[in-house]
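Source file: entry38.tsv (TSV, C-alpha atoms)
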chain	number	residue	atom	x	y	z
I	1369	MET	CA	13.03	-7.74	1.70
I	1370	LEU	CA	10.43	-10.19	0.46
I	1371	CYS	CA	7.21	-10.21	2.46
I	1372	SER	CA	8.49	-10.44	6.00
I	1373	ASN	CA	7.08	-9.16	9.26
I	1374	ASP	CA	7.36	-5.46	10.06
I	1375	GLY	CA	10.76	-5.01	11.75
I	1376	ASP	CA	9.50	-3.31	14.92
I	1377	ASP	CA	6.58	-5.70	15.12
I	1378	ASP	CA	8.33	-8.96	14.33
I	1379	ASP	CA	7.96	-10.18	17.88
I	1380	ASP	CA	4.94	-12.48	17.48
I	1381	ASP	CA	3.98	-11.93	21.12
I	1382	ARG	CA	3.30	-8.25	20.34
I	1383	MET	CA	1.46	-8.88	17.07
I	1384	THR	CA	-2.29	-9.24	17.25
I	1385	GLU	CA	-3.98	-12.13	15.50
I	1386	ARG	CA	-5.45	-9.62	13.01
I	1387	HIS	CA	-1.93	-8.41	12.19
I	1388	ARG	CA	-0.59	-11.93	11.76
I	1389	ALA	CA	-3.59	-12.80	9.54
I	1390	ILE	CA	-3.11	-9.83	7.20
I	1391	ILE	CA	0.63	-10.49	6.96
I	1392	ARG	CA	-0.16	-14.08	5.89
I	1393	LYS	CA	-2.62	-12.79	3.27
I	1394	ALA	CA	-0.13	-10.20	2.04
I	1395	GLU	CA	2.61	-12.82	1.80
I	1396	TYR	CA	0.28	-14.99	-0.26
I	1397	HIS	CA	-0.70	-12.17	-2.65
I	1398	CYS	CA	2.78	-10.64	-2.87
I	1399	GLY	CA	4.26	-14.06	-3.57
I	1400	ALA	CA	2.48	-14.20	-6.92
I	1401	PHE	CA	4.88	-11.65	-8.41
I	1402	ASP	CA	8.61	-11.59	-9.00
I	1403	VAL	CA	8.97	-8.12	-7.48
I	1404	PRO	CA	10.73	-7.26	-4.18
I	1405	VAL	CA	8.28	-6.48	-1.38
I	1406	LEU	CA	8.57	-3.90	1.39
I	1407	THR	CA	6.96	-4.16	4.79
I	1408	ALA	CA	5.48	-1.08	6.44
I	1409	HIS	CA	8.59	-0.79	8.60
I	1410	GLU	CA	10.89	-0.91	5.56
I	1411	LEU	CA	8.79	1.64	3.67
I	1412	ILE	CA	8.86	4.04	6.61
I	1413	ALA	CA	12.63	3.56	6.98
I	1414	LEU	CA	13.13	4.44	3.29
I	1415	ARG	CA	10.99	7.55	3.64
I	1416	GLU	CA	12.86	8.63	6.77
I	1417	LYS	CA	16.16	8.41	4.89
I	1418	ASP	CA	14.65	11.00	2.55
I	1419	GLU	CA	15.64	8.89	-0.42
I	1420	ALA	CA	14.16	9.61	-3.82
I	1421	ILE	CA	10.97	7.57	-3.49
I	1422	ILE	CA	7.57	7.67	-5.13
I	1423	VAL	CA	4.67	5.78	-3.56
I	1424	VAL	CA	2.08	4.89	-6.19
I	1425	ASP	CA	-1.33	3.98	-4.75
I	1426	VAL	CA	-3.20	1.81	-7.26
I	1427	ARG	CA	-6.41	1.59	-5.24
I	1428	THR	CA	-9.60	3.24	-6.49
I	1429	GLU	CA	-10.31	6.89	-5.82
I	1430	ALA	CA	-13.03	5.83	-3.36
I	1431	GLU	CA	-10.50	3.82	-1.36
I	1432	ARG	CA	-7.88	6.58	-1.42
I	1433	ARG	CA	-10.37	9.17	-0.18
I	1434	VAL	CA	-10.84	7.22	3.06
I	1435	ALA	CA	-7.13	6.79	3.89
I	1436	ARG	CA	-3.83	6.93	2.05
I	1437	LEU	CA	-0.14	7.33	2.73
I	1438	PRO	CA	0.95	10.97	2.84
I	1439	ARG	CA	2.74	12.15	-0.31
I	1440	SER	CA	1.52	9.13	-2.28
I	1441	VAL	CA	0.24	9.57	-5.82
I	1442	SER	CA	-2.48	7.79	-7.75
I	1443	ARG	CA	-1.63	5.47	-10.60
I	1444	CYS	CA	-3.30	7.92	-13.00
I	1445	TYR	CA	-1.12	10.81	-11.78
I	1446	PHE	CA	2.01	8.67	-12.01
I	1447	GLU	CA	1.16	7.51	-15.54
I	1448	LYS	CA	0.63	11.11	-16.68
I	1449	ALA	CA	4.00	12.07	-15.20
I	1450	LEU	CA	5.67	9.16	-17.02
I	1451	ARG	CA	4.12	10.25	-20.33
I	1452	LEU	CA	5.24	13.83	-19.78
I	1453	ASN	CA	8.81	12.65	-19.15
I	1454	ALA	CA	8.58	10.37	-22.20
I	1455	ASP	CA	10.16	7.26	-20.67
I	1456	ALA	CA	11.17	5.31	-17.59
I	1457	ALA	CA	14.77	6.56	-17.86
I	1458	SER	CA	13.70	9.75	-16.11
I	1459	LEU	CA	13.16	7.64	-12.98
I	1460	ARG	CA	16.75	6.35	-12.68
I	1461	GLY	CA	17.77	6.34	-9.04
I	1462	VAL	CA	14.18	6.76	-7.85
I	1463	LYS	CA	12.59	3.97	-5.82
I	1464	ILE	CA	9.01	3.28	-6.86
I	1465	VAL	CA	6.85	1.60	-4.21
I	1466	VAL	CA	3.42	0.43	-5.32
I	1467	ILE	CA	0.67	-0.05	-2.73
I	1468	CYS	CA	-2.90	-1.35	-2.67
I	1469	THR	CA	-4.94	-3.17	-0.03
I	1470	VAL	CA	-2.96	-6.42	0.39
I	1471	GLY	CA	-0.38	-6.50	-2.39
I	1472	ARG	CA	-2.34	-8.10	-5.24
I	1473	ARG	CA	-3.26	-5.09	-7.42
I	1474	SER	CA	0.02	-3.39	-6.56
I	1475	GLY	CA	1.92	-6.55	-7.49
I	1476	HIS	CA	0.31	-6.60	-10.93
I	1477	TYR	CA	1.22	-2.96	-11.53
I	1478	ALA	CA	4.74	-3.28	-10.08
I	1479	ARG	CA	5.39	-6.18	-12.45
I	1480	GLN	CA	4.14	-4.04	-15.37
I	1481	LEU	CA	6.54	-1.27	-14.38
I	1482	VAL	CA	9.45	-3.70	-14.26
I	1483	MET	CA	8.49	-4.99	-17.71
I	1484	ARG	CA	8.50	-1.37	-18.94
I	1485	CYS	CA	12.16	-1.15	-17.85
I	1486	CYS	CA	11.60	0.82	-14.67
I	1487	GLU	CA	14.30	0.14	-12.10
I	1488	ASN	CA	14.00	-0.02	-8.31
I	1489	VAL	CA	10.34	-1.07	-8.27
I	1490	PHE	CA	8.90	-2.56	-5.09
I	1491	ASN	CA	5.53	-3.97	-4.12
I	1492	SER	CA	4.26	-3.39	-0.60
I	1493	GLN	CA	2.32	-5.58	1.78
I	1494	GLY	CA	-0.57	-3.12	1.48
I	1495	ILE	CA	-2.30	-0.43	3.41
I	1496	VAL	CA	-4.12	-2.89	5.68
I	1497	ALA	CA	-0.81	-4.31	6.96
I	1498	TYR	CA	0.59	-0.75	7.10
I	1499	SER	CA	-2.27	0.25	9.44
I	1500	HIS	CA	-0.78	-1.99	12.14
I	1501	HIS	CA	2.49	-0.03	12.28
I	1502	HIS	CA	2.56	2.20	15.37
I	1503	LEU	CA	3.27	5.29	13.19
I	1504	ALA	CA	0.22	4.75	10.93
I	1505	ARG	CA	-2.21	6.54	13.26
I	1506	GLY	CA	-1.81	10.06	14.59
I	1507	ALA	CA	-0.35	13.25	13.23
I	1508	GLY	CA	3.20	12.26	12.30
I	1509	PRO	CA	4.75	12.21	8.83
I	1510	HIS	CA	3.94	8.51	8.32
I	1511	ALA	CA	0.37	8.58	9.61
I	1512	LEU	CA	-2.36	7.72	7.15
I	1513	VAL	CA	-4.36	10.74	5.98
I	1514	ASP	CA	-7.86	11.24	4.61
I	1515	GLU	CA	-8.79	13.04	1.41
I	1516	GLU	CA	-8.27	16.44	3.05
I	1517	GLY	CA	-4.86	15.56	4.47
I	1518	ARG	CA	-6.10	15.16	8.06
I	1519	PRO	CA	-5.10	12.14	10.17
I	1520	ALA	CA	-7.27	9.23	9.05
I	1521	THR	CA	-9.57	7.50	11.51
I	1522	ARG	CA	-11.02	5.10	8.95
I	1523	LEU	CA	-9.41	2.55	6.64
I	1524	HIS	CA	-10.85	1.19	3.38
I	1525	VAL	CA	-10.24	-2.56	3.43
I	1526	TYR	CA	-11.97	-3.29	0.10
I	1527	ALA	CA	-14.09	-6.28	1.22
I	1528	ARG	CA	-14.72	-8.58	4.17
I	1529	PRO	CA	-11.82	-11.03	3.53
I	1530	TRP	CA	-9.34	-8.15	4.02
I	1531	ASP	CA	-11.08	-6.54	6.99
I	1532	LEU	CA	-8.03	-7.13	9.16
I	1533	GLY	CA	-6.81	-3.58	9.66
I	1534	SER	CA	-5.62	-2.24	12.96
I	1535	GLU	CA	-8.41	-1.85	15.46
I	1536	ARG	CA	-7.26	1.78	15.79
I	1537	PHE	CA	-9.12	2.44	12.52
I	1538	GLU	CA	-12.78	2.08	11.63
I	1539	SER	CA	-13.12	-0.29	8.66
I	1540	VAL	CA	-14.87	0.79	5.46
I	1541	ARG	CA	-15.73	-1.79	2.78
I	1542	PHE	CA	-17.35	-1.83	-0.61
I	1543	GLY	CA	-20.76	-3.50	-0.64
I	1544	LEU	CA	-21.23	-6.54	-2.89
I	1545	VAL	CA	-22.05	-4.43	-5.94
I	1546	GLY	CA	-19.28	-1.94	-5.17
I	1547	ALA	CA	-16.70	-4.69	-4.75
I	1548	ALA	CA	-17.73	-6.29	-8.05
I	1549	ARG	CA	-17.60	-2.94	-9.84
I	1550	ALA	CA	-14.21	-2.07	-8.32
I	1551	ALA	CA	-12.86	-5.50	-9.30
I	1552	MET	CA	-14.05	-5.04	-12.88
I	1553	PHE	CA	-13.23	-1.39	-13.43
I	1554	GLY	CA	-10.53	-0.57	-10.87
Serialized structure, structure tokens:
Amino acid sequence: MLCSNDGDDDDDDRMTERHRAIIRKAEYHCGAFDVPVLTAHELIALREKDEAIIVVDVRTEAERRVARLPRSVSRCYFEKALRLNADAASLRGVKIVVICTVGRRSGHYARQLVMRCCENVFNSQGIVAYSHHHLARGAGPHALVDEEGRPATRLHVYARPWDLGSERFESVRFGLVGAARAAMFG
């Protein structure tokens, strides 16, 4: 599905203004790439089907330490695994979902993977939109976790324009220098 509202939360009356705002931002950023996009609801549904799926988190290590999807891998880890397996053919039948804050960095990387002949590559609307899903907070299998694997209570939103996460999480942002450095060096 291409950048649509989260299935369970598609009733606008139940969506907060923050949720609607981040979905609009995600749709804008995701729309820059010719890669299918998954909502949080769709990503959770895929994971519940226990399909062969790899979630690649392209955010910085600092961002991932605060909160990440369980069983997700860093871009660095994924790239090493690809090199060890020599080519993208080893991923046939595996769905690759790339995630970042709002779909921009993940869209760039998802497009690169498609150009490298990877199949079944998806961008996601990002971890900030994911935070609004009712399963994102708590102790369940889809709840965001911190660097030690405990349920996350904070969410790294990168910078002020994307500080639209669920109010169930405390927002963490890079400062001006940190945001500039992260933008330059990933």
- Query: Smallest atom-to-atom distance to I:Ile1495: which of I:Val1513, I:Leu1414, I:Ala1394, I:Cys1468, using all atoms listed in the file?
  - Reply: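 Closest residue, counting all atoms listed in the file: I:Cys1468.
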- Do a neighbour search on I:Ser1474 at 9 Å with all atoms listed in the file, toss out local chain neighbours closer than 5 positions, and write the hits as a ChimeraX atom specification. /I:1398,1424-1427,1465-1469,1479,1491-1494
- Item | Two-atom distance - atom CA of I:Tyr1498, atom CA of I:Gly1543 (Å) | 22.9 Å
- Task: Pick out the residues sitting within 10 Å of I:Val1403, and hand them over as a PyMOL selection string; count all atoms listed in the file, and ignore anything fewer than 6 positions along from it in its own chain.
- Result: chain I and resi 1370+1475-1476+1478-1479+1482+1488-1492
- Could you tell me how far atom CA of I:His1409 lies from atom CA of I:Arg1386, in Å and to one decimal?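 Computing the Euclidean distance for atom CA of I:His1409 and atom CA of I:Arg1386 yields 17.2 Å.
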Could you build a table of the residues in stretch 1382-1409 of chain I lying no more than 8 Å from stretch 1523-1541 of chain I, giving for each the nearest pair of atoms and their separation in Å rounded to one decimal place, using all atoms listed in the file, ordered by chain and ascending residue number, as CSV?
residue,atom,partner,partner_atom,distance
I:Arg1386,CA,I:Leu1532,CA,5.3
I:His1387,CA,I:Leu1532,CA,6.9
I:Ala1389,CA,I:Leu1532,CA,7.2
I:Ile1390,CA,I:Leu1532,CA,5.9
Residues of the last selection are to be written out with C-alpha atoms, as a PDB file, in the coordinates of the input.
ATOM      1  CA  ARG I1386      -5.450  -9.620  13.010  1.00  0.00           C
ATOM      2  CA  HIS I1387      -1.930  -8.410  12.190  1.00  0.00           C
ATOM      3  CA  ALA I1389      -3.590 -12.800   9.540  1.00  0.00           C
ATOM      4  CA  ILE I1390      -3.110  -9.830   7.200  1.00  0.00           C
TER       5      ILE I1390
END
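Closest approach to I:Arg1436 among I:Glu1395, I:Glu1487, I:Glu1416, I:Glu1516 is made by I:Glu1516 (distances from all atoms listed in the file).
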- Item | d(atom CA of I:Arg1432, atom CA of I:His1500) in Å |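 Separating atom CA of I:Arg1432 from atom CA of I:His1500 is a distance of 17.5 Å.
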- Message: With distances taken over only C-alpha atoms, which residue among I:Met1483, I:Arg1388, I:Ala1497, I:Arg1473 lies nearest I:Leu1406?
- Response: I:Ala1497
Take stretch 1409-1420 of chain I, model all heavy atoms, and hand the result over as a PDB file, in the frame of the given file.
ATOM      1  N   HIS I1409       7.390  -1.265   7.912  1.00  0.00           N
ATOM      2  CA  HIS I1409       8.590  -0.790   8.600  1.00  0.00           C
ATOM      3  C   HIS I1409       9.669  -0.392   7.596  1.00  0.00           C
ATOM      4  O   HIS I1409      10.311   0.653   7.731  1.00  0.00           O
ATOM      5  CB  HIS I1409       9.109  -1.868   9.555  1.00  0.00           C
ATOM      6  CG  HIS I1409      10.347  -1.482  10.284  1.00  0.00           C
ATOM      7  ND1 HIS I1409      10.333  -0.607  11.344  1.00  0.00           N
ATOM      8  CD2 HIS I1409      11.629  -1.842  10.093  1.00  0.00           C
ATOM      9  CE1 HIS I1409      11.576  -0.433  11.766  1.00  0.00           C
ATOM     10  NE2 HIS I1409      12.379  -1.166  11.028  1.00  0.00           N
ATOM     11  N   GLU I1410       9.876  -1.204   6.574  1.00  0.00           N
ATOM     12  CA  GLU I1410      10.890  -0.910   5.560  1.00  0.00           C
ATOM     13  C   GLU I1410      10.521   0.321   4.743  1.00  0.00           C
ATOM     14  O   GLU I1410      11.381   1.142   4.417  1.00  0.00           O
ATOM     15  CB  GLU I1410      11.077  -2.127   4.650  1.00  0.00           C
ATOM     16  CG  GLU I1410      11.714  -3.289   5.375  1.00  0.00           C
ATOM     17  CD  GLU I1410      11.584  -4.607   4.641  1.00  0.00           C
ATOM     18  OE1 GLU I1410      10.635  -4.775   3.844  1.00  0.00           O
ATOM     19  OE2 GLU I1410      12.446  -5.480   4.876  1.00  0.00           O
ATOM     20  N   LEU I1411       9.246   0.464   4.415  1.00  0.00           N
ATOM     21  CA  LEU I1411       8.790   1.640   3.670  1.00  0.00           C
ATOM     22  C   LEU I1411       9.004   2.915   4.480  1.00  0.00           C
ATOM     23  O   LEU I1411       9.528   3.911   3.975  1.00  0.00           O
ATOM     24  CB  LEU I1411       7.308   1.492   3.292  1.00  0.00           C
ATOM     25  CG  LEU I1411       6.650   2.682   2.611  1.00  0.00           C
ATOM     26  CD1 LEU I1411       7.397   3.115   1.366  1.00  0.00           C
ATOM     27  CD2 LEU I1411       5.198   2.338   2.290  1.00  0.00           C
ATOM     28  N   ILE I1412       8.657   2.875   5.746  1.00  0.00           N
ATOM     29  CA  ILE I1412       8.860   4.040   6.610  1.00  0.00           C
ATOM     30  C   ILE I1412      10.346   4.361   6.734  1.00  0.00           C
ATOM     31  O   ILE I1412      10.747   5.519   6.672  1.00  0.00           O
ATOM     32  CB  ILE I1412       8.198   3.808   7.986  1.00  0.00           C
ATOM     33  CG1 ILE I1412       6.674   3.907   7.824  1.00  0.00           C
ATOM     34  CG2 ILE I1412       8.709   4.794   9.034  1.00  0.00           C
ATOM     35  CD1 ILE I1412       5.887   3.487   9.046  1.00  0.00           C
ATOM     36  N   ALA I1413      11.178   3.336   6.874  1.00  0.00           N
ATOM     37  CA  ALA I1413      12.630   3.560   6.980  1.00  0.00           C
ATOM     38  C   ALA I1413      13.162   4.232   5.714  1.00  0.00           C
ATOM     39  O   ALA I1413      13.976   5.158   5.804  1.00  0.00           O
ATOM     40  CB  ALA I1413      13.348   2.238   7.237  1.00  0.00           C
ATOM     41  N   LEU I1414      12.700   3.806   4.545  1.00  0.00           N
ATOM     42  CA  LEU I1414      13.130   4.440   3.290  1.00  0.00           C
ATOM     43  C   LEU I1414      12.717   5.912   3.258  1.00  0.00           C
ATOM     44  O   LEU I1414      13.489   6.779   2.862  1.00  0.00           O
ATOM     45  CB  LEU I1414      12.509   3.740   2.089  1.00  0.00           C
ATOM     46  CG  LEU I1414      13.197   2.509   1.557  1.00  0.00           C
ATOM     47  CD1 LEU I1414      12.418   1.944   0.372  1.00  0.00           C
ATOM     48  CD2 LEU I1414      14.622   2.805   1.146  1.00  0.00           C
ATOM     49  N   ARG I1415      11.486   6.170   3.671  1.00  0.00           N
ATOM     50  CA  ARG I1415      10.990   7.550   3.640  1.00  0.00           C
ATOM     51  C   ARG I1415      11.724   8.426   4.643  1.00  0.00           C
ATOM     52  O   ARG I1415      11.943   9.605   4.399  1.00  0.00           O
ATOM     53  CB  ARG I1415       9.483   7.578   3.880  1.00  0.00           C
ATOM     54  CG  ARG I1415       8.712   6.936   2.718  1.00  0.00           C
ATOM     55  CD  ARG I1415       7.253   6.913   2.958  1.00  0.00           C
ATOM     56  NE  ARG I1415       6.667   7.983   2.161  1.00  0.00           N
ATOM     57  CZ  ARG I1415       5.399   8.295   2.185  1.00  0.00           C
ATOM     58  NH1 ARG I1415       4.568   7.662   2.996  1.00  0.00           N
ATOM     59  NH2 ARG I1415       4.926   9.267   1.426  1.00  0.00           N
ATOM     60  N   GLU I1416      12.120   7.853   5.771  1.00  0.00           N
ATOM     61  CA  GLU I1416      12.860   8.630   6.770  1.00  0.00           C
ATOM     62  C   GLU I1416      14.260   8.975   6.294  1.00  0.00           C
ATOM     63  O   GLU I1416      14.815   9.995   6.683  1.00  0.00           O
ATOM     64  CB  GLU I1416      12.903   7.885   8.105  1.00  0.00           C
ATOM     65  CG  GLU I1416      11.582   7.946   8.842  1.00  0.00           C
ATOM     66  CD  GLU I1416      11.605   7.228  10.169  1.00  0.00           C
ATOM     67  OE1 GLU I1416      12.511   6.403  10.410  1.00  0.00           O
ATOM     68  OE2 GLU I1416      10.703   7.501  10.974  1.00  0.00           O
ATOM     69  N   LYS I1417      14.837   8.122   5.451  1.00  0.00           N
ATOM     70  CA  LYS I1417      16.160   8.410   4.890  1.00  0.00           C
ATOM     71  C   LYS I1417      16.084   9.528   3.867  1.00  0.00           C
ATOM     72  O   LYS I1417      17.105   9.977   3.380  1.00  0.00           O
ATOM     73  CB  LYS I1417      16.747   7.159   4.225  1.00  0.00           C
ATOM     74  CG  LYS I1417      17.173   6.095   5.187  1.00  0.00           C
ATOM     75  CD  LYS I1417      17.741   4.922   4.399  1.00  0.00           C
ATOM     76  CE  LYS I1417      18.086   3.770   5.303  1.00  0.00           C
ATOM     77  NZ  LYS I1417      18.505   2.588   4.547  1.00  0.00           N
ATOM     78  N   ASP I1418      14.881   9.938   3.534  1.00  0.00           N
ATOM     79  CA  ASP I1418      14.650  11.000   2.550  1.00  0.00           C
ATOM     80  C   ASP I1418      15.235  10.634   1.197  1.00  0.00           C
ATOM     81  O   ASP I1418      15.757  11.474   0.484  1.00  0.00           O
ATOM     82  CB  ASP I1418      15.197  12.343   3.049  1.00  0.00           C
ATOM     83  CG  ASP I1418      14.493  13.518   2.373  1.00  0.00           C
ATOM     84  OD1 ASP I1418      13.339  13.346   1.965  1.00  0.00           O
ATOM     85  OD2 ASP I1418      15.122  14.577   2.250  1.00  0.00           O
ATOM     86  N   GLU I1419      15.176   9.355   0.886  1.00  0.00           N
ATOM     87  CA  GLU I1419      15.640   8.890  -0.420  1.00  0.00           C
ATOM     88  C   GLU I1419      14.641   9.322  -1.479  1.00  0.00           C
ATOM     89  O   GLU I1419      13.496   9.643  -1.178  1.00  0.00           O
ATOM     90  CB  GLU I1419      15.778   7.372  -0.414  1.00  0.00           C
ATOM     91  CG  GLU I1419      16.878   6.884   0.508  1.00  0.00           C
ATOM     92  CD  GLU I1419      17.203   5.421   0.279  1.00  0.00           C
ATOM     93  OE1 GLU I1419      17.087   4.961  -0.867  1.00  0.00           O
ATOM     94  OE2 GLU I1419      17.582   4.764   1.251  1.00  0.00           O
ATOM     95  N   ALA I1420      15.069   9.317  -2.713  1.00  0.00           N
ATOM     96  CA  ALA I1420      14.160   9.610  -3.820  1.00  0.00           C
ATOM     97  C   ALA I1420      13.198   8.429  -3.932  1.00  0.00           C
ATOM     98  O   ALA I1420      13.576   7.324  -4.307  1.00  0.00           O
ATOM     99  CB  ALA I1420      14.945   9.787  -5.111  1.00  0.00           C
TER     100      ALA I1420
END
